[in-house]
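Here is the file my_file16.cif (mmCIF, C-alpha atoms).
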```cif
data_query
#
loop_
_atom_site.label_atom_id
_atom_site.label_comp_id
_atom_site.auth_asym_id
_atom_site.auth_seq_id
_atom_site.Cartn_x
_atom_site.Cartn_y
_atom_site.Cartn_z
CA MET X 1 34.50 140.23 243.40
CA ARG X 2 33.06 140.72 239.94
CA ASN X 3 34.03 144.07 238.48
CA ILE X 4 31.93 146.40 236.37
CA ARG X 5 33.92 148.42 233.84
CA THR X 6 32.77 151.39 231.82
CA PRO X 7 34.26 151.84 228.35
CA GLN X 8 36.32 154.78 229.59
CA SER X 9 37.77 152.85 232.53
CA SER X 10 39.71 150.37 230.44
CA GLN X 11 43.44 150.34 231.06
CA HIS X 12 43.87 150.03 227.30
CA GLY X 13 41.92 153.15 226.47
CA LYS X 14 38.39 153.80 225.31
CA ILE X 15 36.85 150.85 223.52
CA PRO X 16 35.41 151.55 220.06
CA ASN X 17 31.65 151.23 219.74
CA LYS X 18 32.05 148.42 217.22
CA ILE X 19 33.18 146.09 219.99
CA TYR X 20 30.01 146.73 221.94
CA PHE X 21 27.49 147.09 219.16
CA PRO X 22 28.44 144.87 216.22
CA GLU X 23 25.57 145.98 213.97
CA LYS X 24 25.57 147.71 210.62
CA GLU X 25 27.07 151.17 210.43
CA ALA X 26 23.71 152.64 209.46
CA GLN X 27 22.21 151.47 212.73
CA GLN X 28 24.84 153.38 214.72
CA GLU X 29 23.68 156.76 213.50
CA ARG X 30 21.06 157.09 216.27
CA LEU X 31 23.05 158.13 219.32
CA ASP X 32 21.93 158.94 222.83
CA GLU X 33 22.97 161.99 224.83
CA GLU X 34 26.27 160.31 225.74
CA GLY X 35 27.13 159.61 222.12
CA LEU X 36 26.41 155.88 222.36
CA PRO X 37 24.19 153.97 219.91
CA TYR X 38 20.85 152.77 221.23
CA ALA X 39 21.26 149.13 222.19
CA LYS X 40 18.60 146.47 221.80
CA VAL X 41 19.50 143.99 224.54
CA LEU X 42 18.11 140.46 224.36
CA TYR X 43 17.04 138.57 227.49
CA LEU X 44 15.17 135.39 226.54
CA GLN X 45 17.78 134.05 224.14
CA PRO X 46 20.66 134.50 226.64
CA ALA X 47 18.52 132.81 229.32
CA ILE X 48 17.96 129.77 227.12
CA TRP X 49 21.65 129.70 226.23
CA ALA X 50 22.79 129.99 229.86
CA ILE X 51 20.48 127.21 231.05
CA GLY X 52 21.28 125.00 228.08
CA VAL X 53 25.06 125.34 228.34
CA SER X 54 25.02 124.91 232.13
CA THR X 55 23.00 121.73 231.67
CA GLY X 56 25.41 120.58 228.99
CA ILE X 57 28.37 121.11 231.31
CA TYR X 58 26.74 118.92 233.94
CA ILE X 59 25.91 116.22 231.40
CA LEU X 60 29.43 116.20 229.96
CA LEU X 61 31.26 116.12 233.29
CA ALA X 62 28.84 113.49 234.66
CA PHE X 63 29.73 111.38 231.61
CA LEU X 64 33.44 111.78 232.37
CA GLU X 65 32.82 110.87 236.01
CA ALA X 66 30.90 107.73 235.01
CA LYS X 67 33.64 106.78 232.57
CA SER X 68 36.31 107.21 235.25
CA GLN X 69 34.34 105.06 237.71
CA LEU X 70 34.04 102.25 235.18
CA ALA X 71 37.68 102.42 234.11
CA PRO X 72 39.80 99.57 235.50
CA ALA X 73 42.09 100.57 238.33
CA THR X 74 45.67 100.94 237.16
CA SER X 75 48.43 99.85 239.46
CA GLN X 76 51.50 102.03 239.31
CA GLN X 77 54.85 100.37 239.52
CA HIS X 78 57.24 102.22 241.80
CA HIS X 79 59.84 99.45 242.11
CA ASP X 80 62.27 100.98 239.64
CA ARG X 81 62.02 104.37 241.29
CA HIS X 82 63.02 102.97 244.65
CA LEU X 83 66.15 101.54 243.06
CA GLN X 84 67.23 104.95 241.79
CA SER X 85 70.13 106.35 243.77
CA SER X 86 69.95 109.86 242.28
CA PRO X 87 67.38 112.39 243.52
CA PRO X 88 64.35 113.05 241.29
CA GLY X 89 64.52 115.80 238.70
CA PRO X 90 62.36 118.93 238.88
CA ILE X 91 59.74 117.55 236.48
CA GLU X 92 59.43 114.28 238.36
CA LEU X 93 59.31 116.12 241.68
CA ALA X 94 56.57 118.43 240.42
CA THR X 95 54.65 115.40 239.13
CA ARG X 96 54.87 113.72 242.52
CA VAL X 97 53.71 116.84 244.34
CA TRP X 98 50.79 117.25 241.93
CA ALA X 99 49.80 113.59 242.35
CA GLN X 100 49.65 114.06 246.12
CA GLN X 101 47.03 116.81 245.89
CA TYR X 102 43.38 116.00 246.50
CA PRO X 103 41.16 116.12 243.39
CA VAL X 104 39.31 119.28 244.47
CA GLU X 105 42.65 120.95 245.21
CA LYS X 106 43.70 120.18 241.65
CA VAL X 107 40.49 121.86 240.46
CA ALA X 108 41.29 124.96 242.51
CA PHE X 109 44.89 125.14 241.29
CA GLY X 110 43.77 124.54 237.72
CA LEU X 111 41.27 127.39 237.89
CA ILE X 112 43.86 129.69 239.45
CA ALA X 113 46.33 128.86 236.68
CA THR X 114 43.65 129.39 234.01
CA ASN X 115 42.64 132.77 235.38
CA GLY X 116 46.27 133.80 235.64
CA ALA X 117 46.95 132.75 232.05
CA VAL X 118 43.91 134.64 230.80
CA HIS X 119 45.02 137.74 232.67
CA LEU X 120 48.38 137.59 230.90
CA THR X 121 46.54 138.01 227.61
CA SER X 122 45.59 141.53 228.73
CA PHE X 123 49.25 142.42 228.15
CA LEU X 124 50.05 140.09 225.25
CA THR X 125 46.85 140.34 223.18
CA PRO X 126 44.71 143.11 224.72
CA HIS X 127 42.17 143.07 221.88
CA PHE X 128 41.44 139.38 222.48
CA TRP X 129 41.26 139.99 226.25
CA ARG X 130 38.70 142.78 225.80
CA MET X 131 36.52 140.46 223.75
CA LEU X 132 36.21 138.08 226.73
CA TRP X 133 34.33 140.63 228.87
CA HIS X 134 30.54 140.62 228.84
CA ALA X 135 28.72 143.72 227.61
CA PRO X 136 24.93 143.32 227.25
CA ALA X 137 24.83 145.50 224.13
CA THR X 138 26.81 142.94 222.14
CA ASN X 139 24.20 140.21 222.70
CA LEU X 140 27.06 137.70 222.64
CA ASN X 141 26.07 134.74 224.80
CA ILE X 142 29.51 133.16 224.96
CA THR X 143 30.88 136.08 226.97
CA MET X 144 28.67 135.09 229.90
CA PHE X 145 31.09 132.17 230.16
CA THR X 146 34.38 133.77 229.14
CA SER X 147 33.86 136.76 231.46
CA THR X 148 34.28 134.38 234.41
CA PHE X 149 38.01 134.26 233.66
CA VAL X 150 38.85 137.95 233.16
CA HIS X 151 39.86 140.36 235.90
CA ASP X 152 40.37 144.10 236.05
CA GLY X 153 43.95 144.29 237.28
CA PRO X 154 46.18 142.26 239.61
CA ILE X 155 44.32 143.18 242.82
CA HIS X 156 41.01 141.97 241.41
CA LEU X 157 42.70 138.76 240.26
CA LEU X 158 44.56 138.13 243.53
CA VAL X 159 41.49 138.67 245.72
CA ASN X 160 39.39 136.26 243.68
CA MET X 161 42.14 133.64 243.48
CA TRP X 162 42.68 133.93 247.23
CA ALA X 163 38.97 133.17 247.66
CA CYS X 164 39.26 130.28 245.20
CA TYR X 165 42.19 128.80 247.11
CA ASN X 166 40.45 129.14 250.48
CA PHE X 167 36.84 128.20 249.77
CA LEU X 168 36.70 125.94 246.71
CA PRO X 169 38.67 123.01 248.22
CA ALA X 170 36.75 123.35 251.49
CA ALA X 171 33.36 123.42 249.77
CA GLY X 172 34.46 120.64 247.42
CA SER X 173 35.33 118.39 250.35
CA SER X 174 31.91 118.88 251.96
CA HIS X 175 29.16 116.26 252.04
CA LEU X 176 27.59 117.90 248.99
CA PHE X 177 30.54 117.25 246.65
CA GLU X 178 32.45 114.60 248.63
CA GLY X 179 35.75 115.63 247.08
CA ASN X 180 34.52 114.87 243.56
CA ALA X 181 36.50 116.98 241.10
CA TYR X 182 34.08 116.65 238.18
CA HIS X 183 31.06 117.60 240.30
CA THR X 184 32.86 120.58 241.83
CA LEU X 185 34.06 121.81 238.45
CA ALA X 186 30.60 121.38 236.90
CA PHE X 187 29.06 123.48 239.66
CA PHE X 188 31.72 126.19 239.36
CA LEU X 189 31.47 126.55 235.58
CA SER X 190 27.67 126.40 235.53
CA THR X 191 27.23 128.99 238.24
CA GLY X 192 29.77 131.20 236.49
CA ILE X 193 27.46 131.28 233.47
CA LEU X 194 24.23 131.65 235.45
CA THR X 195 25.55 134.47 237.62
CA GLY X 196 26.83 136.19 234.49
CA TYR X 197 23.30 136.06 233.13
CA ALA X 198 21.95 137.43 236.42
CA GLY X 199 24.07 140.54 235.93
CA HIS X 200 22.86 140.73 232.33
CA LEU X 201 19.22 140.44 233.42
CA THR X 202 19.36 143.38 235.84
CA LEU X 203 19.68 145.70 232.86
CA MET X 204 16.02 145.00 232.09
CA PHE X 205 15.03 146.99 235.17
CA LYS X 206 17.40 149.90 234.58
CA LYS X 207 16.28 152.06 231.68
CA ILE X 208 19.69 153.62 231.09
CA ASN X 209 21.09 152.99 227.63
CA SER X 210 24.73 153.53 228.59
CA LEU X 211 24.61 150.61 231.06
CA ALA X 212 24.26 148.23 228.12
CA PHE X 213 27.84 149.12 227.13
CA VAL X 214 29.30 148.59 230.60
CA ARG X 215 31.45 145.47 230.70
CA SER X 216 31.53 142.99 233.56
CA GLY X 217 33.92 140.20 234.40
CA GLY X 218 35.41 138.17 237.21
CA ALA X 219 35.12 134.77 238.85
CA SER X 220 33.32 136.05 241.92
CA GLY X 221 29.84 134.96 240.81
CA ALA X 222 30.97 131.33 240.76
CA LEU X 223 33.09 131.87 243.87
CA PHE X 224 30.10 133.29 245.75
CA ALA X 225 28.24 130.13 244.78
CA MET X 226 31.06 128.07 246.30
CA PHE X 227 31.00 130.35 249.34
CA GLY X 228 27.24 129.79 249.65
CA VAL X 229 27.85 126.04 249.65
CA PHE X 230 30.59 126.46 252.24
CA CYS X 231 28.36 128.47 254.58
CA ALA X 232 25.46 126.04 254.18
CA GLN X 233 27.63 122.97 254.73
CA PHE X 234 29.74 124.45 257.54
CA PRO X 235 27.40 126.96 259.21
CA HIS X 236 29.50 127.32 262.35
CA ALA X 237 32.85 127.76 260.62
CA GLU X 238 34.51 131.11 261.22
CA VAL X 239 34.92 133.40 258.23
CA GLY X 240 35.98 136.99 257.83
CA ILE X 241 36.86 139.78 255.44
CA LEU X 242 40.33 140.13 253.99
CA PHE X 243 42.51 142.49 256.08
CA VAL X 244 39.75 142.88 258.72
CA PRO X 245 40.78 141.42 262.13
CA PHE X 246 37.32 140.08 263.01
CA ARG X 247 35.73 136.72 262.34
CA PHE X 248 32.10 135.63 262.29
CA GLU X 249 30.18 132.39 262.06
CA ALA X 250 29.35 131.57 258.45
CA ILE X 251 25.63 131.24 259.18
CA ASN X 252 25.57 134.86 260.39
CA PHE X 253 28.05 136.31 257.94
CA LEU X 254 26.45 135.13 254.69
CA PRO X 255 23.08 136.90 255.19
CA CYS X 256 24.91 140.17 255.85
CA VAL X 257 26.91 139.81 252.64
CA MET X 258 23.76 138.97 250.69
CA LEU X 259 21.95 142.00 252.11
CA PHE X 260 24.90 144.20 251.16
CA ASP X 261 24.77 142.91 247.58
CA PHE X 262 20.98 143.19 247.42
CA VAL X 263 21.14 146.87 248.34
CA GLY X 264 23.99 147.35 245.88
CA MET X 265 21.99 145.68 243.12
CA VAL X 266 18.83 147.71 243.78
CA ARG X 267 20.22 151.12 244.72
CA GLY X 268 23.94 150.96 244.06
CA TYR X 269 26.81 152.44 246.04
CA SER X 270 28.72 155.59 245.26
CA PHE X 271 32.04 154.22 246.51
CA ILE X 272 32.18 150.84 244.71
CA ASN X 273 31.01 149.46 241.39
CA TRP X 274 30.85 145.68 241.78
CA GLY X 275 28.67 143.04 240.14
CA HIS X 276 26.23 142.77 243.03
CA ALA X 277 23.68 140.80 241.01
CA ALA X 278 26.28 138.14 240.20
CA HIS X 279 27.37 137.97 243.85
CA LEU X 280 23.83 137.70 245.20
CA SER X 281 22.68 135.15 242.62
CA GLY X 282 25.82 133.10 243.24
CA ALA X 283 25.19 132.96 246.98
CA LEU X 284 21.56 131.99 246.36
CA LEU X 285 22.61 129.24 243.96
CA GLY X 286 25.12 127.87 246.45
CA VAL X 287 22.71 127.84 249.37
CA GLY X 288 19.87 126.46 247.24
CA TYR X 289 22.01 123.72 245.71
CA SER X 290 23.15 122.71 249.16
CA TYR X 291 19.75 122.64 250.85
CA LEU X 292 18.06 120.94 247.89
CA ASP X 293 20.89 118.37 247.85
CA GLY X 294 22.02 118.71 244.26
CA LYS X 295 24.29 115.70 244.68
CA THR X 296 21.36 113.34 245.32
CA HIS X 297 18.82 114.86 242.95
CA ILE X 298 20.99 116.05 240.03
CA TRP X 299 24.56 114.79 239.99
CA ASN X 300 24.19 111.17 241.11
CA PRO X 301 21.26 110.42 238.76
CA LEU X 302 23.26 111.82 235.83
CA VAL X 303 26.29 109.70 236.69
CA LYS X 304 24.13 106.58 237.12
CA PHE X 305 22.46 107.25 233.78
CA TRP X 306 25.81 107.40 231.98
CA LYS X 307 27.12 104.34 233.80
CA ARG X 308 24.14 102.31 232.60
CA ARG X 309 24.63 103.54 229.05
CA LEU X 310 28.35 102.82 229.09
CA GLN X 311 27.86 99.35 230.56
CA LYS X 312 25.41 98.49 227.79
CA ALA X 313 27.72 99.76 225.06
#
```
structure tokens encoding of this file:
Amino acid sequence: MRNIRTPQSSQHGKIPNKIYFPEKEAQQERLDEEGLPYAKVLYLQPAIWAIGVSTGIYILLAFLEAKSQLAPATSQQHHDRHLQSSPPGPIELATRVWAQQYPVEKVAFGLIATNGAVHLTSFLTPHFWRMLWHAPATNLNITMFTSTFVHDGPIHLLVNMWACYNFLPAAGSSHLFEGNAYHTLAFFLSTGILTGYAGHLTLMFKKINSLAFVRSGGASGALFAMFGVFCAQFPHAEVGILFVPFRFEAINFLPCVMLFDFVGMVRGYSFINWGHAAHLSGALLGVGYSYLDGKTHIWNPLVKFWKRRLQKA
């Protein structure tokens, strides 16, 4: 899930207005009824940034994929290892275990480790950690990316990483990604940015100034995109809700989740405060990318383009 945090809900105390509204002091004199400065939130510039950076991620990782395909195969020599009489050390053992993982599993474990490391900064360098969250009032585009890796407490982190561990390798091994680590990672990072912008965009339709200062963060936008791919690629697989002893077919479960998030985005719920726009847009991106066959129409042409360029170089 992607959490929405008000300035007062921070575990590190109330966040100063300067973090949310980095303008001149004179511009902060006009305050609303809640004592917050009036925010001028941009929408077109963040949209261009989100689309441009997402495209750049695909181009870069397609280049790395093409380069890896053209690289000569390296044969590893294990003869000396077989002659060793002593058991392997912990580093060598960990290296062997890591090498045995599938590429998309390495992506999942890498993302889990990254999110865990970022969460540690909330204790070590809380000011830096707060800067990673996305607040529309700041008009900082980069936080639409960095907010994918921040979580509001251990439960938020554990739930999202549980989803990452369960659904990303499964979706990555589907016909759409075919176990390709670069393609899977490109989709995850790009949808993290685009779903972050979706949450940003909803502020346009809510004329409440204080909402511009509400921070959002979490990997669930990208994870919902992976879940959308999973449900589209494996429609008859059984899925369920954590701690709920019932399971449903993915093709029936996903529309219910999307309806829940649509209502939450439009009307809101009194008992939860999640990033419904990020969840809904992520699911739509996952289903759309699957049905439109992004592998055939986007990823493979990019890889072929780079392979031709590299072969000519």
With a distance cut-off of 6 Å and only C-alpha atoms, select the neighbouring residues of range 126-133 of chain X, excluding the residue or stretch itself and same-chain residues fewer than 3 positions from it, and output the selection as a ChimeraX atom specification. /X:121-123,143,146-147,215-217
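Among the candidates X:Pro245, X:Gly286, X:Gly116, X:Gly196, the residue lying nearest to Phe227 in chain X is X:Gly286 (atoms considered: only C-alpha atoms).
Counting from CA of Ile241 in chain X, the distance to CA of Val104 in chain X is 23.4 Å.
Residues lying within 12 Å of (24.9, 143.7, 251.1). Counted over all atoms listed in the file, they are Phe253, Leu254, Pro255, Cys256, Val257, Met258, Leu259, Phe260, Asp261, Phe262, Val263, Gly264, Met265, Val266, Arg267, Gly268, Tyr269, Trp274, Gly275, His276, Ala277, His279, Leu280 and Ala283 of chain X.
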Answer as a PyMOL selection string, residues within 12 Å of (33.2, 112.4, 234.1) using only C-alpha atoms: chain X and resi 57-71+180-186+299-300+302-307+310
Can you tell me which residues surround Tyr43 in chain X at a distance of at most 12 Å, considering all atoms listed in the file, apart from same-chain residues fewer than 4 positions away, and format the answer as JSON, numbers by chain? {"X": [47, 48, 49, 50, 136, 137, 138, 139, 140, 141, 197, 198, 199, 200, 201, 202, 203, 204, 205]}
Output C-alpha atoms of each residue in that selection to a file, as a PDB file, in the coordinates of the input.
```
ATOM      1  CA  ALA X  47      18.520 132.810 229.320  1.00  0.00           C
ATOM      2  CA  ILE X  48      17.960 129.770 227.120  1.00  0.00           C
ATOM      3  CA  TRP X  49      21.650 129.700 226.230  1.00  0.00           C
ATOM      4  CA  ALA X  50      22.790 129.990 229.860  1.00  0.00           C
ATOM      5  CA  PRO X 136      24.930 143.320 227.250  1.00  0.00           C
ATOM      6  CA  ALA X 137      24.830 145.500 224.130  1.00  0.00           C
ATOM      7  CA  THR X 138      26.810 142.940 222.140  1.00  0.00           C
ATOM      8  CA  ASN X 139      24.200 140.210 222.700  1.00  0.00           C
ATOM      9  CA  LEU X 140      27.060 137.700 222.640  1.00  0.00           C
ATOM     10  CA  ASN X 141      26.070 134.740 224.800  1.00  0.00           C
ATOM     11  CA  TYR X 197      23.300 136.060 233.130  1.00  0.00           C
ATOM     12  CA  ALA X 198      21.950 137.430 236.420  1.00  0.00           C
ATOM     13  CA  GLY X 199      24.070 140.540 235.930  1.00  0.00           C
ATOM     14  CA  HIS X 200      22.860 140.730 232.330  1.00  0.00           C
ATOM     15  CA  LEU X 201      19.220 140.440 233.420  1.00  0.00           C
ATOM     16  CA  THR X 202      19.360 143.380 235.840  1.00  0.00           C
ATOM     17  CA  LEU X 203      19.680 145.700 232.860  1.00  0.00           C
ATOM     18  CA  MET X 204      16.020 145.000 232.090  1.00  0.00           C
ATOM     19  CA  PHE X 205      15.030 146.990 235.170  1.00  0.00           C
TER      20      PHE X 205
END
```
Rounded to one decimal place, report the CA of Asn115 in chain X-CA of Gly218 in chain X distance in Å.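 Between CA of Asn115 in chain X and CA of Gly218 in chain X the gap is 9.2 Å.
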Between X:His175, X:Gly192, X:Pro87, X:Ala39, which residue has the minimum interatomic distance to Ile51 in chain X, considering only C-alpha atoms? X:Gly192
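Between CA of Phe145 in chain X and CA of Ser220 in chain X the interatomic distance comes to 12.6 Å.
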